[in-house]
Protein chains: 2
Amino acid sequence: MPIKQVLTNPTEALKNFFRSHASGVAIVTGKSDAGEPLGFTATSLTSLGSNPPLVSFNVAQGASFYPSLVSGAIVNFHALGSDNLDLAVRLAGSKTDRFTASDWAADSDGIAVFDAATNLIKCRIRQVVEVEQNAVVIADVVSGLLGEPRQPLLYHNRKFATIGEELLDNSSNSRK
Amino acid sequence: MPIKQVLTNPTEALKNFFRSHASGVAIVTGKSDAGEPLGFTATSLTSLGSNPPLVSFNVAQGASFYPSLVSGAIVNFHALGSDNLDLAVRLAGSKTDRFTASDWAADSDGIAVFDAATNLIKCRIRQVVEVEQNAVVIADVVSGLLGEPRQPLLYHNRKFATIGEELLDNSSNSRK
């Protein structure tokens, strides 16, 4: 029976829970009102249905990106492979270093695309739901860029990691 | 340059993107108005800030669980380890089989707890944001149950998998 200790402090409970819960790693890019490139490494990106195609992600209202996340704004989400570790670390680090390398280019919407990512979806923000000091951002998928399949980059227990052994192929299951 | 093909169909773009984006696997449990246990396997659970501790997850409005996901309702989230594959498959399968085994018990709120999970957070639903045929559910963390650390269960490209090699320890980074 792995579960044993009761945690009455909810912050402690949250912290311990998400140490044991892994997530995929993506990069979100957009632009400021002044046209400056914006971006950060996100571990909260998830699908919100396929008809119509929608995604959601969570962001702190204190983030420098936040004022640009308004209804109608365009953002690009990049799925990262395990060999994009440098990109994940850079876009999670100092803001002044995120776009200094020449490994990105602005697309026709003026939003940064990092070609080294596995693939990309371009989205238009539909709704921003403010919750305390954070927000849930809901966006419609507009189009995509597709690369070669490869191993994903993961985040678990405050460490970046690769994926391991396949346990079960669920392709034939109707589960969403 | 891994990215090469343009996808103009947004549904196709979404589908391809999330095949390459991995996620952690959790089980959500609750109860119906009649007191029946409810639960399903979720890959959309994510943190929504730690002060106050909040989480969000996405659900289809057509899910049998959906009518019970109302403001004030209590739900339990279970983080799963790689040896909880059977539990993940069962709670994603036929509704009639989900609670027939004796590996769960109702807690003091009458909500199912699967002891085999790595750990658990008990949450109170704060807000349900309906978006097309789906919804974002926002919940406050109330308390938790803590087990031994172990390898997480992952979902990637419609396959359950374990975690692989550690690439970088990010513990000293201030990144959220």
# chains A, B, ... in the order shown; residues from 1 in each chain; ligands from 1
call {"tool": "residues_around", "arguments": {"residues": "Thr41 in chain B", "least_positions_apart": "2", "cutoff": "8 Å", "atoms": "only C-alpha atoms", "output": "PDB file with N, CA, C and O atoms, in the first residue's frame"}}
result
ATOM      1  N   VAL B  25      -0.176  10.485 -15.967  1.00  0.00           N
ATOM      2  CA  VAL B  25      -1.473   9.816 -15.892  1.00  0.00           C
ATOM      3  C   VAL B  25      -1.979   9.851 -14.451  1.00  0.00           C
ATOM      4  O   VAL B  25      -1.261   9.481 -13.524  1.00  0.00           O
ATOM      5  N   ALA B  26      -3.228  10.315 -14.273  1.00  0.00           N
ATOM      6  CA  ALA B  26      -3.843  10.377 -12.957  1.00  0.00           C
ATOM      7  C   ALA B  26      -5.217   9.717 -13.005  1.00  0.00           C
ATOM      8  O   ALA B  26      -5.785   9.534 -14.081  1.00  0.00           O
ATOM      9  N   ILE B  27      -5.730   9.361 -11.853  1.00  0.00           N
ATOM     10  CA  ILE B  27      -7.115   8.903 -11.757  1.00  0.00           C
ATOM     11  C   ILE B  27      -7.882   9.916 -10.914  1.00  0.00           C
ATOM     12  O   ILE B  27      -7.400  10.351  -9.872  1.00  0.00           O
ATOM     13  N   VAL B  28      -9.050  10.314 -11.409  1.00  0.00           N
ATOM     14  CA  VAL B  28      -9.942  11.222 -10.684  1.00  0.00           C
ATOM     15  C   VAL B  28     -11.108  10.397 -10.170  1.00  0.00           C
ATOM     16  O   VAL B  28     -11.685   9.627 -10.937  1.00  0.00           O
ATOM     17  N   GLY B  39     -15.310   7.652 -11.556  1.00  0.00           N
ATOM     18  CA  GLY B  39     -13.880   7.870 -11.731  1.00  0.00           C
ATOM     19  C   GLY B  39     -13.449   7.651 -13.157  1.00  0.00           C
ATOM     20  O   GLY B  39     -14.126   6.964 -13.913  1.00  0.00           O
ATOM     21  N   THR B  43      -5.419  12.578 -18.346  1.00  0.00           N
ATOM     22  CA  THR B  43      -4.051  12.958 -18.729  1.00  0.00           C
ATOM     23  C   THR B  43      -3.919  14.481 -18.815  1.00  0.00           C
ATOM     24  O   THR B  43      -2.934  14.977 -19.345  1.00  0.00           O
ATOM     25  N   ALA B  88      -4.858   2.259 -14.387  1.00  0.00           N
ATOM     26  CA  ALA B  88      -5.058   3.255 -15.450  1.00  0.00           C
ATOM     27  C   ALA B  88      -5.933   2.682 -16.560  1.00  0.00           C
ATOM     28  O   ALA B  88      -6.839   3.350 -17.058  1.00  0.00           O
ATOM     29  N   VAL B  89      -5.683   1.437 -16.932  1.00  0.00           N
ATOM     30  CA  VAL B  89      -6.441   0.790 -18.008  1.00  0.00           C
ATOM     31  C   VAL B  89      -7.881   0.541 -17.548  1.00  0.00           C
ATOM     32  O   VAL B  89      -8.826   0.792 -18.290  1.00  0.00           O
ATOM     33  N   LEU B  91      -9.705   2.134 -15.219  1.00  0.00           N
ATOM     34  CA  LEU B  91     -10.484   3.373 -15.066  1.00  0.00           C
ATOM     35  C   LEU B  91     -10.657   4.117 -16.386  1.00  0.00           C
ATOM     36  O   LEU B  91     -11.344   5.135 -16.452  1.00  0.00           O
ATOM     37  N   ALA B  92     -10.020   3.625 -17.452  1.00  0.00           N
ATOM     38  CA  ALA B  92     -10.239   4.176 -18.791  1.00  0.00           C
ATOM     39  C   ALA B  92     -11.158   3.258 -19.596  1.00  0.00           C
ATOM     40  O   ALA B  92     -11.540   3.593 -20.714  1.00  0.00           O
TER      41      ALA B  92
END
call {"tool": "residues_around", "arguments": {"residues": "Ser47 in chain B", "least_positions_apart": "2", "cutoff": "9 Å", "atoms": "only C-alpha atoms", "output": "PyMOL selection string"}}
result
(chain A and resi 14+18+44+58) or (chain B and resi 45+49-50+53-57)
call {"tool": "write_last_selection", "arguments": {"atoms": "C-alpha atoms", "output": "mmCIF file, in the first residue's frame"}}
result
data_model
loop_
_atom_site.group_PDB
_atom_site.id
_atom_site.type_symbol
_atom_site.label_atom_id
_atom_site.label_comp_id
_atom_site.auth_asym_id
_atom_site.auth_seq_id
_atom_site.Cartn_x
_atom_site.Cartn_y
_atom_site.Cartn_z
ATOM 1 C CA LEU A 14 -0.019 19.987 -3.918
ATOM 2 C CA PHE A 18 3.152 17.230 -8.586
ATOM 3 C CA SER A 44 0.722 22.672 -18.405
ATOM 4 C CA ASN A 58 -1.898 27.781 -17.229
ATOM 5 C CA LEU B 45 -4.344 17.302 -14.701
ATOM 6 C CA GLY B 49 -0.493 27.780 -8.710
ATOM 7 C CA SER B 50 0.557 27.058 -5.160
ATOM 8 C CA PRO B 53 -2.934 25.583 -4.077
ATOM 9 C CA LEU B 54 -5.082 25.016 -7.185
ATOM 10 C CA VAL B 55 -5.309 22.459 -9.987
ATOM 11 C CA SER B 56 -7.142 22.282 -13.300
ATOM 12 C CA PHE B 57 -8.186 19.438 -15.572
#
call {"tool": "atom_distance", "arguments": {"atom1": "CA of Val141 in chain B", "atom2": "CA of Lys159 in chain B"}}
result
29.3 Å
call {"tool": "residues_around", "arguments": {"residues": "Pro149 in chain B", "least_positions_apart": "4", "cutoff": "10 Å", "atoms": "only C-alpha atoms", "output": "short mmCIF file (atom, residue, chain, number, x, y, z; two decimals) with N, CA, C and O atoms, in the first residue's frame"}}
result
data_model
loop_
_atom_site.label_atom_id
_atom_site.label_comp_id
_atom_site.auth_asym_id
_atom_site.auth_seq_id
_atom_site.Cartn_x
_atom_site.Cartn_y
_atom_site.Cartn_z
N PRO A 2 1.17 1.81 -1.16
CA PRO A 2 2.10 2.93 -1.20
C PRO A 2 1.62 4.17 -0.43
O PRO A 2 2.43 4.88 0.12
N ILE A 3 0.31 4.44 -0.41
CA ILE A 3 -0.15 5.65 0.26
C ILE A 3 -0.16 5.43 1.77
O ILE A 3 -0.72 4.47 2.25
N ASN A 16 3.85 17.91 -3.08
CA ASN A 16 4.24 16.50 -3.12
C ASN A 16 3.58 15.76 -4.28
O ASN A 16 4.19 14.92 -4.92
N ARG A 19 5.29 16.54 -7.60
CA ARG A 19 6.63 15.94 -7.71
C ARG A 19 6.53 14.54 -8.29
O ARG A 19 7.45 14.07 -8.95
N SER A 20 5.42 13.87 -8.04
CA SER A 20 5.28 12.49 -8.51
C SER A 20 4.53 12.38 -9.83
O SER A 20 4.38 11.30 -10.38
N ASN A 157 9.60 15.45 -11.14
CA ASN A 157 10.34 15.63 -9.89
C ASN A 157 11.47 16.65 -10.07
O ASN A 157 12.61 16.42 -9.64
N GLY B 81 1.87 5.41 -10.49
CA GLY B 81 3.21 4.92 -10.79
C GLY B 81 3.16 3.94 -11.94
O GLY B 81 2.08 3.48 -12.33
N THR B 118 0.39 6.28 -6.13
CA THR B 118 1.59 6.83 -5.48
C THR B 118 1.21 7.80 -4.37
O THR B 118 1.73 7.72 -3.27
N ASN B 119 0.33 8.74 -4.69
CA ASN B 119 -0.19 9.64 -3.67
C ASN B 119 -1.46 10.31 -4.18
O ASN B 119 -1.92 10.00 -5.29
#
call {"tool": "residues_around", "arguments": {"residues": "Ile125 in chain B", "least_positions_apart": "3", "cutoff": "12 Å", "atoms": "only C-alpha atoms", "output": "short mmCIF file (atom, residue, chain, number, x, y, z; two decimals) with N, CA, C and O atoms, in the first residue's frame"}}
result
data_model
loop_
_atom_site.label_atom_id
_atom_site.label_comp_id
_atom_site.auth_asym_id
_atom_site.auth_seq_id
_atom_site.Cartn_x
_atom_site.Cartn_y
_atom_site.Cartn_z
N GLY B 30 -14.88 10.57 -7.75
CA GLY B 30 -15.92 11.40 -7.13
C GLY B 30 -17.12 10.52 -6.85
O GLY B 30 -16.99 9.30 -6.80
N LEU B 54 -3.99 25.24 -6.24
CA LEU B 54 -5.08 25.02 -7.19
C LEU B 54 -4.63 24.06 -8.28
O LEU B 54 -3.46 24.03 -8.65
N VAL B 55 -5.57 23.32 -8.83
CA VAL B 55 -5.31 22.46 -9.99
C VAL B 55 -6.40 22.70 -11.03
O VAL B 55 -7.46 23.25 -10.73
N SER B 56 -6.11 22.27 -12.26
CA SER B 56 -7.14 22.28 -13.30
C SER B 56 -7.07 20.98 -14.08
O SER B 56 -6.02 20.34 -14.13
N PHE B 57 -8.18 20.56 -14.63
CA PHE B 57 -8.19 19.44 -15.57
C PHE B 57 -9.34 19.62 -16.54
O PHE B 57 -10.27 20.40 -16.28
N SER B 68 -21.73 15.55 -12.00
CA SER B 68 -21.32 15.65 -10.59
C SER B 68 -20.20 16.66 -10.36
O SER B 68 -19.84 16.94 -9.21
N LEU B 69 -19.64 17.17 -11.44
CA LEU B 69 -18.51 18.11 -11.32
C LEU B 69 -19.06 19.53 -11.17
O LEU B 69 -18.99 20.34 -12.09
N VAL B 70 -19.61 19.81 -10.00
CA VAL B 70 -20.21 21.12 -9.74
C VAL B 70 -19.43 21.82 -8.64
O VAL B 70 -18.73 21.18 -7.85
N SER B 71 -19.56 23.12 -8.59
CA SER B 71 -18.87 23.92 -7.59
C SER B 71 -19.18 23.37 -6.18
O SER B 71 -20.33 23.13 -5.84
N GLY B 72 -18.14 23.15 -5.39
CA GLY B 72 -18.30 22.64 -4.03
C GLY B 72 -18.11 21.14 -3.92
O GLY B 72 -17.86 20.63 -2.82
N ALA B 73 -18.23 20.40 -5.04
CA ALA B 73 -18.08 18.94 -5.00
C ALA B 73 -16.63 18.56 -4.69
O ALA B 73 -15.69 19.27 -5.07
N ILE B 74 -16.46 17.42 -3.99
CA ILE B 74 -15.13 16.93 -3.63
C ILE B 74 -14.70 15.85 -4.61
O ILE B 74 -15.49 14.96 -4.96
N VAL B 75 -13.45 15.92 -5.08
CA VAL B 75 -12.88 14.88 -5.93
C VAL B 75 -11.48 14.53 -5.42
O VAL B 75 -10.81 15.37 -4.81
N ASN B 76 -11.07 13.29 -5.65
CA ASN B 76 -9.72 12.84 -5.29
C ASN B 76 -8.92 12.59 -6.57
O ASN B 76 -9.38 11.89 -7.46
N PHE B 77 -7.72 13.16 -6.64
CA PHE B 77 -6.81 12.88 -7.76
C PHE B 77 -5.72 11.95 -7.25
O PHE B 77 -5.10 12.22 -6.21
N LYS B 122 -6.89 15.64 -2.32
CA LYS B 122 -8.34 15.85 -2.22
C LYS B 122 -8.60 17.30 -2.57
O LYS B 122 -7.92 18.20 -2.05
N VAL B 128 -16.30 25.68 -12.99
CA VAL B 128 -16.33 24.84 -14.19
C VAL B 128 -16.54 25.77 -15.38
O VAL B 128 -17.55 26.49 -15.44
N VAL B 129 -15.58 25.80 -16.29
CA VAL B 129 -15.65 26.69 -17.45
C VAL B 129 -16.01 25.86 -18.68
O VAL B 129 -15.20 25.07 -19.16
N VAL B 136 -13.19 23.08 -18.66
CA VAL B 136 -12.03 23.16 -17.78
C VAL B 136 -12.57 23.21 -16.35
O VAL B 136 -13.40 24.06 -16.04
N VAL B 137 -12.10 22.30 -15.51
CA VAL B 137 -12.54 22.25 -14.11
C VAL B 137 -11.40 22.76 -13.24
O VAL B 137 -10.26 22.28 -13.35
N ILE B 138 -11.70 23.76 -12.40
CA ILE B 138 -10.70 24.38 -11.53
C ILE B 138 -11.04 24.01 -10.09
O ILE B 138 -12.20 24.15 -9.68
N ALA B 139 -10.06 23.52 -9.33
CA ALA B 139 -10.34 23.02 -7.99
C ALA B 139 -9.27 23.43 -6.99
O ALA B 139 -8.08 23.52 -7.34
N ASP B 140 -9.70 23.68 -5.75
CA ASP B 140 -8.79 24.00 -4.65
C ASP B 140 -8.32 22.72 -3.97
O ASP B 140 -9.14 21.85 -3.65
N VAL B 141 -7.03 22.62 -3.69
CA VAL B 141 -6.51 21.47 -2.96
C VAL B 141 -6.88 21.63 -1.48
O VAL B 141 -6.69 22.70 -0.89
N VAL B 142 -7.42 20.56 -0.89
CA VAL B 142 -7.88 20.58 0.50
C VAL B 142 -6.88 19.87 1.41
O VAL B 142 -6.55 20.34 2.50
#
call {"tool": "closest_residue", "arguments": {"among": "B:Gly62, B:Leu120, B:Asp97, B:Val131", "to": "Ala13 in chain A", "atoms": "only C-alpha atoms"}}
result
B:Leu120
call {"tool": "select_by_dssp", "arguments": {"residues": "chain B", "states": "strand (DSSP E or B)", "output": "ChimeraX atom specification"}}
result
/B:3-7,23-24,26-31,37-42,46-50,53-60,74-79,81,104-106,112-114,119-131,134-147,152,154-156,159-169
call {"tool": "residues_around", "arguments": {"residues": "Glu12 in chain B", "least_positions_apart": "5", "cutoff": "9 Å", "atoms": "only C-alpha atoms", "output": "VMD selection string"}}
result
(chain A and resid 53 143 to 144) or (chain B and resid 7 17)
call {"tool": "decode", "arguments": {"residues": "range 13-27 of chain A", "atoms": "N, CA and C atoms", "output": "JSON list (two decimals), in the first residue's frame"}}
result
[["chain", "number", "residue", "atom", "x", "y", "z"],
["A", 13, "ALA", "N", 0.54, 19.31, 0.23],
["A", 13, "ALA", "CA", -0.10, 18.21, -0.52],
["A", 13, "ALA", "C", 0.07, 18.42, -2.02],
["A", 14, "LEU", "N", -0.18, 19.66, -2.49],
["A", 14, "LEU", "CA", -0.02, 19.99, -3.92],
["A", 14, "LEU", "C", 1.41, 19.74, -4.37],
["A", 15, "LYS", "N", 2.36, 20.26, -3.58],
["A", 15, "LYS", "CA", 3.77, 20.18, -3.93],
["A", 15, "LYS", "C", 4.22, 18.72, -4.06],
["A", 16, "ASN", "N", 3.85, 17.91, -3.08],
["A", 16, "ASN", "CA", 4.24, 16.50, -3.12],
["A", 16, "ASN", "C", 3.58, 15.76, -4.28],
["A", 17, "PHE", "N", 2.32, 16.10, -4.54],
["A", 17, "PHE", "CA", 1.60, 15.43, -5.62],
["A", 17, "PHE", "C", 2.29, 15.67, -6.96],
["A", 18, "PHE", "N", 2.60, 16.93, -7.26],
["A", 18, "PHE", "CA", 3.15, 17.23, -8.59],
["A", 18, "PHE", "C", 4.63, 16.85, -8.73],
["A", 19, "ARG", "N", 5.29, 16.54, -7.60],
["A", 19, "ARG", "CA", 6.63, 15.94, -7.71],
["A", 19, "ARG", "C", 6.53, 14.54, -8.29],
["A", 20, "SER", "N", 5.42, 13.87, -8.04],
["A", 20, "SER", "CA", 5.28, 12.49, -8.51],
["A", 20, "SER", "C", 4.53, 12.38, -9.83],
["A", 21, "HIS", "N", 4.03, 13.51, -10.33],
["A", 21, "HIS", "CA", 3.23, 13.52, -11.56],
["A", 21, "HIS", "C", 4.08, 14.11, -12.69],
["A", 22, "ALA", "N", 4.33, 13.35, -13.73],
["A", 22, "ALA", "CA", 5.18, 13.82, -14.83],
["A", 22, "ALA", "C", 4.38, 14.67, -15.81],
["A", 23, "SER", "N", 5.08, 15.44, -16.64],
["A", 23, "SER", "CA", 4.40, 16.20, -17.69],
["A", 23, "SER", "C", 5.28, 16.34, -18.92],
["A", 24, "GLY", "N", 4.63, 16.59, -20.06],
["A", 24, "GLY", "CA", 5.36, 16.90, -21.28],
["A", 24, "GLY", "C", 5.85, 18.35, -21.23],
["A", 25, "VAL", "N", 6.84, 18.67, -22.04],
["A", 25, "VAL", "CA", 7.42, 20.00, -22.03],
["A", 25, "VAL", "C", 7.20, 20.67, -23.40],
["A", 26, "ALA", "N", 6.64, 21.88, -23.38],
["A", 26, "ALA", "CA", 6.39, 22.64, -24.61],
["A", 26, "ALA", "C", 6.98, 24.03, -24.46],
["A", 27, "ILE", "N", 7.17, 24.70, -25.59],
["A", 27, "ILE", "CA", 7.54, 26.11, -25.57],
["A", 27, "ILE", "C", 6.40, 26.90, -26.20]]
